[in-house]
Amino acid sequence: MSYTALYRKWRPASFNEVKGQDHIVKTLKNQITSGRIGHAYLFCGTRGTGKTSIAKIFAKAVNCENPVDGSPCGECEMCRQISSGASLNVVEIDAASNNGVENIRDIRDQVQYPPTEGRYRVYIIDEVHMLSIGAFNALLKTLEEPPSYVIFILATTEVHKIPITILSRCQRYDFKRITIDTIAARLHELTQAEQIDVDEKALRYVAKAADGSMRDALSLLDQCTAFHFGEKLTYDNVLEVLGAVDNSVFSSLFRAVTAGDTKGCIYKIEEMIIQGRDLTQMVNDFVWYMRNLLIVKTTDDAEDMLDMSSENIALLKEEADMTDGETLMRYIRIFSELSGQLRYASQKRVLAEIAFIKLTRPSMEQNLDSVLQRLTMIEKRMDEIPSSLPDLAALAALGERAGQVGAAEQQKPGKAEEPAKTVSLPKAQYEDLMLMRGEWQKVSRMMGGAVRVALRDTEVEPAGDSCLSIAFSDAGNFSIVNRESVMQELKEAVEKNYGKSIDFKAILNDSGKKSTTLYVSDDDLKVIHDDIVVED
């Protein structure tokens, strides 16, 4: 006897064997039990989710002599005839090859005759979106008012191609992609029945590679067991047969990218090619890997969203901390574009290597997200400057002392320059100003991306009660920071770290000169012997 493929051998024979489409199964069983059977159904959804299988089960159920809770018994004469394909009551039509007006006219002529046995004549039209416009028009009247003993079941993977006149005449059922857990459980069930020795991890990878299609999962499992016939099917065996790459390779690739190791990335690609890995599959899996990193980076409950062990989650968190969200989104964008290019490319390796060079050398791209990544890399290098250099706050204090000495020198005879102005501030304003001047470098480092760089050469000036102005000498930096969202982020950072509620606003200093104004508190008036200008 010839071998039967797993997806054909294990095709569901009753509603109870259908997996992952409970909402549709329950509705159809209730219709059969209550006798409220429609005349036209539209089954739509992605491939391998059970559209044709449920259509055949429904055809058996409506003709079954002894239905059990809405499901066919599978033992009566009608059930056996329909299962073997010998019944004239169930007609399957492939619209991909029978899409002309003549084919639909044949159906229209046939429905005039009632079934010789059984209660219903069921027409299952698969890939119905392939029918021509003329064929759809020929079907309209028959579909709207068929004889009481005729049921039409239309199945399609591209429901958007169905004319609205057809849609309005059918009960529509949307088939969902089947979850990885459901597919893995079904694979585990049938491997035990087939006495196939297989690792649970291997089954879960096959279920994931099926992308929500039970038929694809069974076909992939069939392929893997045929390649390793008589052996235990391991996770490594599945990767070898499917041309896939283990997550540890993606981990080392990502670490090489974040380290800017272009040479290491290209060596990894060469190693995968020598092993016979499929570059298209590798790119798609790497996009998925970086998507997981982005979820870990941006959500607090990633454990509930990702189907992996706590050890792998911890590893993802460690790698997610190596970069920021904007850079991760740039990586995903580049590889998503690469995935579309590889489909028709003749030099897949070259395109993959160029993509990794873009990741490790952002200077080769001129778009905004690559510029932001370059700024982040510059910030990282500046943060690695040895701590033995003079403290910036101490330098700022020394600069202010020098400014005071310079102001005193300006008062000496022979100096033509105007002396520095001294401004008195209320005590609360003065304290806020001195706090922010002393901590401004730390506050700047709390910001991310381009804002952090734009704040480096700025000065903080008083601007009223609980308000400070940020003086810019560069118009470009001024435009980066002068946004409501940035000002709010600054306010929240100061409030969180210093317990002060301070509003900020940005001003542009056209002269480009540093301010020489000296600020003092009202409490210091009694010890300062200089002209005091009281600022409101």
# chains A, B, ... in the order shown; residues from 1 in each chain; ligands from 1

$ residues_around --residues "Cys64 in chain A" --least-positions-apart "4" --cutoff "12 Å" --atoms "only C-alpha atoms" --output "list in words"
Ser14, Ile32, Thr33, Lys56, Ile57, Phe58, Ala59, Lys60, Val68, Asp69, Gly70, Ser71, Pro72, Cys73, Gly74, Glu75, Cys76, Glu77, Met78, Cys79, Arg80, Gln81, Ile82, Ser83, Asn89, Glu117, Gly118, Arg119 and Tyr120 of chain A

$ residues_around --residues "range 203-212 of chain A" --least-positions-apart "6" --cutoff "7 Å" --atoms "only C-alpha atoms" --output "list in words"
Arg177, Ile178, Thr179, Ile180, Ile183, Ala184, Leu187, Leu220 and Leu221 of chain A

$ select_by_dssp --residues "range 96-250 of chain A" --states "alpha helix (DSSP H)" --output "mmCIF file with N, CA, C and O atoms, in the first residue's frame"
data_model
loop_
_atom_site.group_PDB
_atom_site.id
_atom_site.type_symbol
_atom_site.label_atom_id
_atom_site.label_comp_id
_atom_site.auth_asym_id
_atom_site.auth_seq_id
_atom_site.Cartn_x
_atom_site.Cartn_y
_atom_site.Cartn_z
ATOM 1 N N VAL A 101 -17.643 30.678 -17.160
ATOM 2 C CA VAL A 101 -19.099 30.765 -17.083
ATOM 3 C C VAL A 101 -19.735 29.405 -17.336
ATOM 4 O O VAL A 101 -20.742 29.035 -16.703
ATOM 5 N N GLU A 102 -19.149 28.602 -18.247
ATOM 6 C CA GLU A 102 -19.730 27.302 -18.579
ATOM 7 C C GLU A 102 -19.761 26.388 -17.362
ATOM 8 O O GLU A 102 -20.718 25.620 -17.168
ATOM 9 N N ASN A 103 -18.704 26.431 -16.529
ATOM 10 C CA ASN A 103 -18.666 25.588 -15.341
ATOM 11 C C ASN A 103 -19.784 25.941 -14.371
ATOM 12 O O ASN A 103 -20.398 25.053 -13.761
ATOM 13 N N ILE A 104 -20.045 27.218 -14.199
ATOM 14 C CA ILE A 104 -21.109 27.638 -13.284
ATOM 15 C C ILE A 104 -22.479 27.311 -13.875
ATOM 16 O O ILE A 104 -23.415 26.942 -13.140
ATOM 17 N N ARG A 105 -22.617 27.388 -15.192
ATOM 18 C CA ARG A 105 -23.884 27.008 -15.819
ATOM 19 C C ARG A 105 -24.172 25.527 -15.632
ATOM 20 O O ARG A 105 -25.335 25.114 -15.468
ATOM 21 N N ASP A 106 -23.116 24.705 -15.630
ATOM 22 C CA ASP A 106 -23.299 23.275 -15.352
ATOM 23 C C ASP A 106 -23.861 23.072 -13.954
ATOM 24 O O ASP A 106 -24.750 22.226 -13.747
ATOM 25 N N ILE A 107 -23.344 23.832 -12.988
ATOM 26 C CA ILE A 107 -23.867 23.737 -11.621
ATOM 27 C C ILE A 107 -25.323 24.161 -11.581
ATOM 28 O O ILE A 107 -26.173 23.513 -10.941
ATOM 29 N N ARG A 108 -25.641 25.248 -12.287
ATOM 30 C CA ARG A 108 -27.012 25.760 -12.284
ATOM 31 C C ARG A 108 -27.984 24.731 -12.877
ATOM 32 O O ARG A 108 -29.138 24.614 -12.446
ATOM 33 N N ASP A 109 -27.516 23.963 -13.853
ATOM 34 C CA ASP A 109 -28.367 22.921 -14.435
ATOM 35 C C ASP A 109 -28.522 21.731 -13.491
ATOM 36 O O ASP A 109 -29.589 21.111 -13.426
ATOM 37 N N GLN A 110 -27.449 21.420 -12.747
ATOM 38 C CA GLN A 110 -27.482 20.248 -11.871
ATOM 39 C C GLN A 110 -28.379 20.450 -10.657
ATOM 40 O O GLN A 110 -28.995 19.492 -10.173
ATOM 41 N N ILE A 133 -15.386 37.250 -13.629
ATOM 42 C CA ILE A 133 -16.525 38.131 -13.361
ATOM 43 C C ILE A 133 -17.806 37.542 -13.942
ATOM 44 O O ILE A 133 -18.868 37.549 -13.303
ATOM 45 N N GLY A 134 -17.706 36.973 -15.137
ATOM 46 C CA GLY A 134 -18.879 36.349 -15.741
ATOM 47 C C GLY A 134 -19.377 35.169 -14.935
ATOM 48 O O GLY A 134 -20.594 34.957 -14.799
ATOM 49 N N ALA A 135 -18.444 34.372 -14.388
ATOM 50 C CA ALA A 135 -18.831 33.220 -13.583
ATOM 51 C C ALA A 135 -19.520 33.665 -12.292
ATOM 52 O O ALA A 135 -20.506 33.049 -11.851
ATOM 53 N N PHE A 136 -19.000 34.716 -11.664
ATOM 54 C CA PHE A 136 -19.652 35.249 -10.464
ATOM 55 C C PHE A 136 -21.087 35.712 -10.777
ATOM 56 O O PHE A 136 -22.017 35.434 -10.033
ATOM 57 N N ASN A 137 -21.246 36.398 -11.890
ATOM 58 C CA ASN A 137 -22.572 36.885 -12.261
ATOM 59 C C ASN A 137 -23.529 35.731 -12.545
ATOM 60 O O ASN A 137 -24.727 35.796 -12.224
ATOM 61 N N ALA A 138 -22.997 34.643 -13.140
ATOM 62 C CA ALA A 138 -23.833 33.478 -13.413
ATOM 63 C C ALA A 138 -24.245 32.762 -12.128
ATOM 64 O O ALA A 138 -25.295 32.105 -12.082
ATOM 65 N N LEU A 139 -23.430 32.911 -11.097
ATOM 66 C CA LEU A 139 -23.700 32.239 -9.821
ATOM 67 C C LEU A 139 -24.687 32.998 -8.949
ATOM 68 O O LEU A 139 -25.301 32.410 -8.038
ATOM 69 N N LEU A 140 -24.838 34.305 -9.212
ATOM 70 C CA LEU A 140 -25.594 35.168 -8.295
ATOM 71 C C LEU A 140 -26.992 34.663 -8.001
ATOM 72 O O LEU A 140 -27.369 34.468 -6.836
ATOM 73 N N LYS A 141 -27.800 34.465 -9.022
ATOM 74 C CA LYS A 141 -29.206 34.124 -8.820
ATOM 75 C C LYS A 141 -29.370 32.777 -8.141
ATOM 76 O O LYS A 141 -30.179 32.603 -7.226
ATOM 77 N N THR A 142 -28.568 31.809 -8.581
ATOM 78 C CA THR A 142 -28.628 30.470 -7.974
ATOM 79 C C THR A 142 -28.202 30.521 -6.513
ATOM 80 O O THR A 142 -28.766 29.825 -5.662
ATOM 81 N N LEU A 143 -27.187 31.357 -6.231
ATOM 82 C CA LEU A 143 -26.693 31.460 -4.854
ATOM 83 C C LEU A 143 -27.718 32.138 -3.940
ATOM 84 O O LEU A 143 -27.808 31.823 -2.759
ATOM 85 N N GLU A 144 -28.486 33.054 -4.503
ATOM 86 C CA GLU A 144 -29.449 33.793 -3.684
ATOM 87 C C GLU A 144 -30.688 32.956 -3.365
ATOM 88 O O GLU A 144 -31.187 32.968 -2.238
ATOM 89 N N ILE A 164 -18.923 42.087 -3.711
ATOM 90 C CA ILE A 164 -19.812 42.348 -2.586
ATOM 91 C C ILE A 164 -21.178 41.712 -2.793
ATOM 92 O O ILE A 164 -21.870 41.343 -1.831
ATOM 93 N N THR A 165 -21.589 41.533 -4.045
ATOM 94 C CA THR A 165 -22.879 40.901 -4.326
ATOM 95 C C THR A 165 -22.890 39.435 -3.897
ATOM 96 O O THR A 165 -23.941 38.893 -3.534
ATOM 97 N N ILE A 166 -21.725 38.788 -3.952
ATOM 98 C CA ILE A 166 -21.603 37.409 -3.467
ATOM 99 C C ILE A 166 -21.534 37.389 -1.943
ATOM 100 O O ILE A 166 -22.190 36.571 -1.278
ATOM 101 N N LEU A 167 -20.744 38.300 -1.376
ATOM 102 C CA LEU A 167 -20.588 38.342 0.083
ATOM 103 C C LEU A 167 -21.924 38.534 0.786
ATOM 104 O O LEU A 167 -22.178 37.933 1.843
ATOM 105 N N ILE A 180 0.533 28.414 18.290
ATOM 106 C CA ILE A 180 1.666 27.479 18.373
ATOM 107 C C ILE A 180 1.370 26.367 19.363
ATOM 108 O O ILE A 180 1.683 25.195 19.110
ATOM 109 N N ASP A 181 0.758 26.716 20.499
ATOM 110 C CA ASP A 181 0.440 25.696 21.512
ATOM 111 C C ASP A 181 -0.508 24.650 20.954
ATOM 112 O O ASP A 181 -0.335 23.442 21.198
ATOM 113 N N THR A 182 -1.541 25.081 20.222
ATOM 114 C CA THR A 182 -2.513 24.137 19.668
ATOM 115 C C THR A 182 -1.869 23.223 18.633
ATOM 116 O O THR A 182 -2.099 22.003 18.628
ATOM 117 N N ILE A 183 -1.040 23.807 17.758
ATOM 118 C CA ILE A 183 -0.365 22.989 16.736
ATOM 119 C C ILE A 183 0.600 22.005 17.384
ATOM 120 O O ILE A 183 0.647 20.822 17.013
ATOM 121 N N ALA A 184 1.370 22.474 18.377
ATOM 122 C CA ALA A 184 2.338 21.599 19.041
ATOM 123 C C ALA A 184 1.640 20.445 19.750
ATOM 124 O O ALA A 184 2.117 19.298 19.726
ATOM 125 N N ALA A 185 0.494 20.728 20.391
ATOM 126 C CA ALA A 185 -0.255 19.661 21.064
ATOM 127 C C ALA A 185 -0.765 18.629 20.067
ATOM 128 O O ALA A 185 -0.732 17.418 20.320
ATOM 129 N N ARG A 186 -1.229 19.094 18.915
ATOM 130 C CA ARG A 186 -1.708 18.166 17.882
ATOM 131 C C ARG A 186 -0.565 17.335 17.318
ATOM 132 O O ARG A 186 -0.713 16.117 17.096
ATOM 133 N N LEU A 187 0.590 17.950 17.091
ATOM 134 C CA LEU A 187 1.756 17.214 16.603
ATOM 135 C C LEU A 187 2.203 16.169 17.614
ATOM 136 O O LEU A 187 2.577 15.042 17.244
ATOM 137 N N HIS A 188 2.169 16.538 18.891
ATOM 138 C CA HIS A 188 2.551 15.580 19.938
ATOM 139 C C HIS A 188 1.606 14.384 19.940
ATOM 140 O O HIS A 188 2.036 13.229 20.093
ATOM 141 N N GLU A 189 0.324 14.653 19.745
ATOM 142 C CA GLU A 189 -0.694 13.596 19.739
ATOM 143 C C GLU A 189 -0.480 12.617 18.596
ATOM 144 O O GLU A 189 -0.499 11.391 18.786
ATOM 145 N N LEU A 190 -0.237 13.131 17.402
ATOM 146 C CA LEU A 190 -0.115 12.219 16.257
ATOM 147 C C LEU A 190 1.256 11.551 16.182
ATOM 148 O O LEU A 190 1.381 10.446 15.639
ATOM 149 N N THR A 191 2.319 12.181 16.710
ATOM 150 C CA THR A 191 3.626 11.499 16.734
ATOM 151 C C THR A 191 3.593 10.299 17.678
ATOM 152 O O THR A 191 4.268 9.292 17.421
ATOM 153 N N GLN A 192 2.813 10.432 18.745
ATOM 154 C CA GLN A 192 2.656 9.262 19.620
ATOM 155 C C GLN A 192 1.889 8.159 18.907
ATOM 156 O O GLN A 192 2.230 6.974 19.020
ATOM 157 N N ALA A 193 0.844 8.531 18.171
ATOM 158 C CA ALA A 193 0.065 7.530 17.442
ATOM 159 C C ALA A 193 0.895 6.897 16.330
ATOM 160 O O ALA A 193 0.744 5.701 16.040
ATOM 161 N N GLU A 200 10.350 17.522 22.295
ATOM 162 C CA GLU A 200 9.292 18.522 22.418
ATOM 163 C C GLU A 200 9.732 19.864 21.822
ATOM 164 O O GLU A 200 8.937 20.569 21.198
ATOM 165 N N LYS A 201 11.009 20.210 21.986
ATOM 166 C CA LYS A 201 11.516 21.468 21.434
ATOM 167 C C LYS A 201 11.460 21.459 19.913
ATOM 168 O O LYS A 201 11.178 22.486 19.281
ATOM 169 N N ALA A 202 11.717 20.301 19.318
ATOM 170 C CA ALA A 202 11.643 20.185 17.863
ATOM 171 C C ALA A 202 10.215 20.385 17.367
ATOM 172 O O ALA A 202 9.978 21.056 16.367
ATOM 173 N N LEU A 203 9.244 19.825 18.098
ATOM 174 C CA LEU A 203 7.839 19.995 17.714
ATOM 175 C C LEU A 203 7.419 21.457 17.792
ATOM 176 O O LEU A 203 6.690 21.955 16.925
ATOM 177 N N ARG A 204 7.870 22.145 18.819
ATOM 178 C CA ARG A 204 7.485 23.554 18.970
ATOM 179 C C ARG A 204 8.100 24.407 17.856
ATOM 180 O O ARG A 204 7.478 25.370 17.397
ATOM 181 N N TYR A 205 9.303 24.064 17.417
ATOM 182 C CA TYR A 205 9.883 24.839 16.316
ATOM 183 C C TYR A 205 9.117 24.579 15.021
ATOM 184 O O TYR A 205 8.879 25.505 14.242
ATOM 185 N N VAL A 206 8.726 23.328 14.775
ATOM 186 C CA VAL A 206 7.916 23.019 13.594
ATOM 187 C C VAL A 206 6.598 23.782 13.649
ATOM 188 O O VAL A 206 6.134 24.340 12.650
ATOM 189 N N ALA A 207 5.982 23.825 14.845
ATOM 190 C CA ALA A 207 4.719 24.553 15.013
ATOM 191 C C ALA A 207 4.901 26.040 14.743
ATOM 192 O O ALA A 207 4.044 26.687 14.119
ATOM 193 N N LYS A 208 6.021 26.588 15.173
ATOM 194 C CA LYS A 208 6.286 28.014 14.933
ATOM 195 C C LYS A 208 6.550 28.275 13.449
ATOM 196 O O LYS A 208 6.066 29.264 12.879
ATOM 197 N N ALA A 209 7.294 27.382 12.815
ATOM 198 C CA ALA A 209 7.616 27.559 11.389
ATOM 199 C C ALA A 209 6.372 27.439 10.511
ATOM 200 O O ALA A 209 6.341 27.972 9.399
ATOM 201 N N MET A 214 -2.059 24.395 10.219
ATOM 202 C CA MET A 214 -1.912 23.013 10.672
ATOM 203 C C MET A 214 -1.400 22.130 9.542
ATOM 204 O O MET A 214 -0.573 21.236 9.765
ATOM 205 N N ARG A 215 -1.864 22.364 8.318
ATOM 206 C CA ARG A 215 -1.401 21.543 7.189
ATOM 207 C C ARG A 215 0.090 21.734 6.947
ATOM 208 O O ARG A 215 0.816 20.771 6.693
ATOM 209 N N ASP A 216 0.563 22.986 7.021
ATOM 210 C CA ASP A 216 1.996 23.244 6.851
ATOM 211 C C ASP A 216 2.804 22.536 7.931
ATOM 212 O O ASP A 216 3.887 22.000 7.663
ATOM 213 N N ALA A 217 2.281 22.527 9.154
ATOM 214 C CA ALA A 217 2.992 21.872 10.260
ATOM 215 C C ALA A 217 3.124 20.379 10.003
ATOM 216 O O ALA A 217 4.198 19.787 10.207
ATOM 217 N N LEU A 218 2.043 19.741 9.536
ATOM 218 C CA LEU A 218 2.099 18.307 9.257
ATOM 219 C C LEU A 218 3.031 18.009 8.089
ATOM 220 O O LEU A 218 3.749 17.002 8.091
ATOM 221 N N SER A 219 3.033 18.879 7.078
ATOM 222 C CA SER A 219 3.931 18.674 5.934
ATOM 223 C C SER A 219 5.394 18.813 6.350
ATOM 224 O O SER A 219 6.254 18.028 5.923
ATOM 225 N N LEU A 220 5.687 19.816 7.191
ATOM 226 C CA LEU A 220 7.064 19.997 7.668
ATOM 227 C C LEU A 220 7.504 18.824 8.529
ATOM 228 O O LEU A 220 8.650 18.358 8.425
ATOM 229 N N LEU A 221 6.606 18.343 9.392
ATOM 230 C CA LEU A 221 6.941 17.190 10.229
ATOM 231 C C LEU A 221 7.184 15.964 9.361
ATOM 232 O O LEU A 221 8.112 15.177 9.610
ATOM 233 N N ASP A 222 6.365 15.795 8.318
ATOM 234 C CA ASP A 222 6.550 14.677 7.391
ATOM 235 C C ASP A 222 7.923 14.751 6.728
ATOM 236 O O ASP A 222 8.627 13.746 6.577
ATOM 237 N N GLN A 223 8.317 15.952 6.327
ATOM 238 C CA GLN A 223 9.614 16.152 5.677
ATOM 239 C C GLN A 223 10.759 15.826 6.626
ATOM 240 O O GLN A 223 11.736 15.165 6.240
ATOM 241 N N CYS A 224 10.653 16.276 7.873
ATOM 242 C CA CYS A 224 11.736 16.060 8.845
ATOM 243 C C CYS A 224 11.864 14.583 9.211
ATOM 244 O O CYS A 224 12.983 14.053 9.315
ATOM 245 N N THR A 225 10.734 13.896 9.423
ATOM 246 C CA THR A 225 10.798 12.476 9.794
ATOM 247 C C THR A 225 11.300 11.624 8.630
ATOM 248 O O THR A 225 11.958 10.599 8.849
ATOM 249 N N ALA A 226 11.000 12.040 7.390
ATOM 250 C CA ALA A 226 11.495 11.280 6.235
ATOM 251 C C ALA A 226 13.013 11.398 6.124
ATOM 252 O O ALA A 226 13.708 10.430 5.778
ATOM 253 N N PHE A 227 13.550 12.579 6.416
ATOM 254 C CA PHE A 227 14.989 12.794 6.312
ATOM 255 C C PHE A 227 15.734 12.011 7.393
ATOM 256 O O PHE A 227 16.828 11.489 7.156
ATOM 257 N N TYR A 235 15.914 18.741 17.890
ATOM 258 C CA TYR A 235 15.814 20.157 17.508
ATOM 259 C C TYR A 235 16.849 20.498 16.430
ATOM 260 O O TYR A 235 16.538 21.166 15.444
ATOM 261 N N ASP A 236 18.075 19.990 16.588
ATOM 262 C CA ASP A 236 19.122 20.258 15.599
ATOM 263 C C ASP A 236 18.786 19.627 14.251
ATOM 264 O O ASP A 236 19.103 20.183 13.190
ATOM 265 N N ASN A 237 18.137 18.444 14.278
ATOM 266 C CA ASN A 237 17.738 17.799 13.026
ATOM 267 C C ASN A 237 16.722 18.657 12.270
ATOM 268 O O ASN A 237 16.801 18.802 11.045
ATOM 269 N N VAL A 238 15.770 19.221 13.003
ATOM 270 C CA VAL A 238 14.750 20.064 12.377
ATOM 271 C C VAL A 238 15.388 21.304 11.756
ATOM 272 O O VAL A 238 15.055 21.705 10.633
ATOM 273 N N LEU A 239 16.314 21.928 12.497
ATOM 274 C CA LEU A 239 17.001 23.097 11.956
ATOM 275 C C LEU A 239 17.770 22.748 10.685
ATOM 276 O O LEU A 239 17.805 23.518 9.717
ATOM 277 N N GLU A 240 18.367 21.567 10.676
ATOM 278 C CA GLU A 240 19.146 21.145 9.517
ATOM 279 C C GLU A 240 18.253 20.934 8.298
ATOM 280 O O GLU A 240 18.567 21.373 7.192
ATOM 281 N N VAL A 241 17.116 20.272 8.501
ATOM 282 C CA VAL A 241 16.226 19.971 7.378
ATOM 283 C C VAL A 241 15.577 21.240 6.835
ATOM 284 O O VAL A 241 15.477 21.442 5.616
ATOM 285 N N LEU A 242 15.147 22.135 7.731
ATOM 286 C CA LEU A 242 14.435 23.342 7.309
ATOM 287 C C LEU A 242 15.373 24.471 6.922
ATOM 288 O O LEU A 242 14.912 25.545 6.506
ATOM 289 N N ASN A 247 18.743 30.083 17.838
ATOM 290 C CA ASN A 247 18.720 31.410 18.451
ATOM 291 C C ASN A 247 20.081 31.856 18.964
ATOM 292 O O ASN A 247 20.343 33.054 19.060
ATOM 293 N N SER A 248 20.954 30.902 19.311
ATOM 294 C CA SER A 248 22.281 31.277 19.792
ATOM 295 C C SER A 248 23.080 32.002 18.703
ATOM 296 O O SER A 248 23.889 32.886 18.996
ATOM 297 N N VAL A 249 22.818 31.641 17.437
ATOM 298 C CA VAL A 249 23.488 32.324 16.325
ATOM 299 C C VAL A 249 22.994 33.763 16.232
ATOM 300 O O VAL A 249 23.770 34.699 16.018
ATOM 301 N N PHE A 250 21.675 33.964 16.415
ATOM 302 C CA PHE A 250 21.133 35.314 16.384
ATOM 303 C C PHE A 250 21.678 36.154 17.531
ATOM 304 O O PHE A 250 21.926 37.346 17.375
#

$ closest_residue --among "A:Ala454, A:Ile470, A:Cys44, A:Cys265" --to "Ile354 in chain A" --atoms "only C-alpha atoms"
A:Cys265

$ residues_around --residues "Leu253 in chain A" --least-positions-apart "2" --cutoff "12 Å" --atoms "only C-alpha atoms" --output "PyMOL selection string"
chain A and resi 245-251+255-269+271-272+282-283+286+289-290+319+356+359-360

$ residues_around --residues "Asn509 in chain A" --least-positions-apart "6" --cutoff "9 Å" --atoms "only C-alpha atoms" --output "list in words"
Ala471, Phe472, Ser473, Asp474 and Ala475 of chain A

$ closest_residue --among "A:Ala95, A:Ala493, A:Ile480, A:Ala463" --to "Ser444 in chain A" --atoms "only C-alpha atoms"
A:Ala493

$ atom_distance --atom1 "CA of Asn477 in chain A" --atom2 "CA of Val451 in chain A"
7.9 Å

$ atom_distance --atom1 "CA of Ile93 in chain A" --atom2 "CA of Asn30 in chain A"
26.6 Å

$ closest_residue --among "A:Asp126, A:Asp197, A:Glu145, A:Asp174" --to "Ala40 in chain A" --atoms "only C-alpha atoms"
A:Glu145

$ select_by_dssp --residues "range 34-144 of chain A" --states "strand (DSSP E or B)" --output "list of chain:residue names"
A:Ala40, A:Tyr41, A:Leu42, A:Phe43, A:Cys44, A:Gly45, A:Val68, A:Ser71, A:Val90, A:Val91, A:Glu92, A:Ile93, A:Asp94, A:Arg121, A:Val122, A:Tyr123, A:Ile124, A:Ile125, A:Asp126

$ atom_distance --atom1 "CA of Val453 in chain A" --atom2 "CA of Val481 in chain A"
10.0 Å

$ closest_atom_pairs --of "range 206-309 of chain A" --to "range 324-336 of chain A" --cutoff "9 Å" --atoms "only C-alpha atoms" --output "CSV"
residue,atom,partner,partner_atom,distance
A:Val283,CA,A:Phe335,CA,6.6
A:Asn284,CA,A:Ser336,CA,7.8
A:Phe286,CA,A:Phe335,CA,8.0
A:Val287,CA,A:Ile332,CA,5.8
A:Trp288,CA,A:Ile332,CA,8.7
A:Met290,CA,A:Ile332,CA,6.7
A:Arg291,CA,A:Ile332,CA,7.3
A:Leu293,CA,A:Leu328,CA,7.9
A:Leu294,CA,A:Gly325,CA,6.5
A:Lys297,CA,A:Gly325,CA,6.8
A:Thr298,CA,A:Gly325,CA,7.4

$ residues_around --residues "Glu92 in chain A" --least-positions-apart "2" --cutoff "7 Å" --atoms "only C-alpha atoms" --output "ChimeraX atom specification"
/A:90,94,123-125

$ closest_residue --among "A:Ile151, A:Val460, A:Met487, A:Met305" --to "Gln441 in chain A" --atoms "only C-alpha atoms"
A:Val460
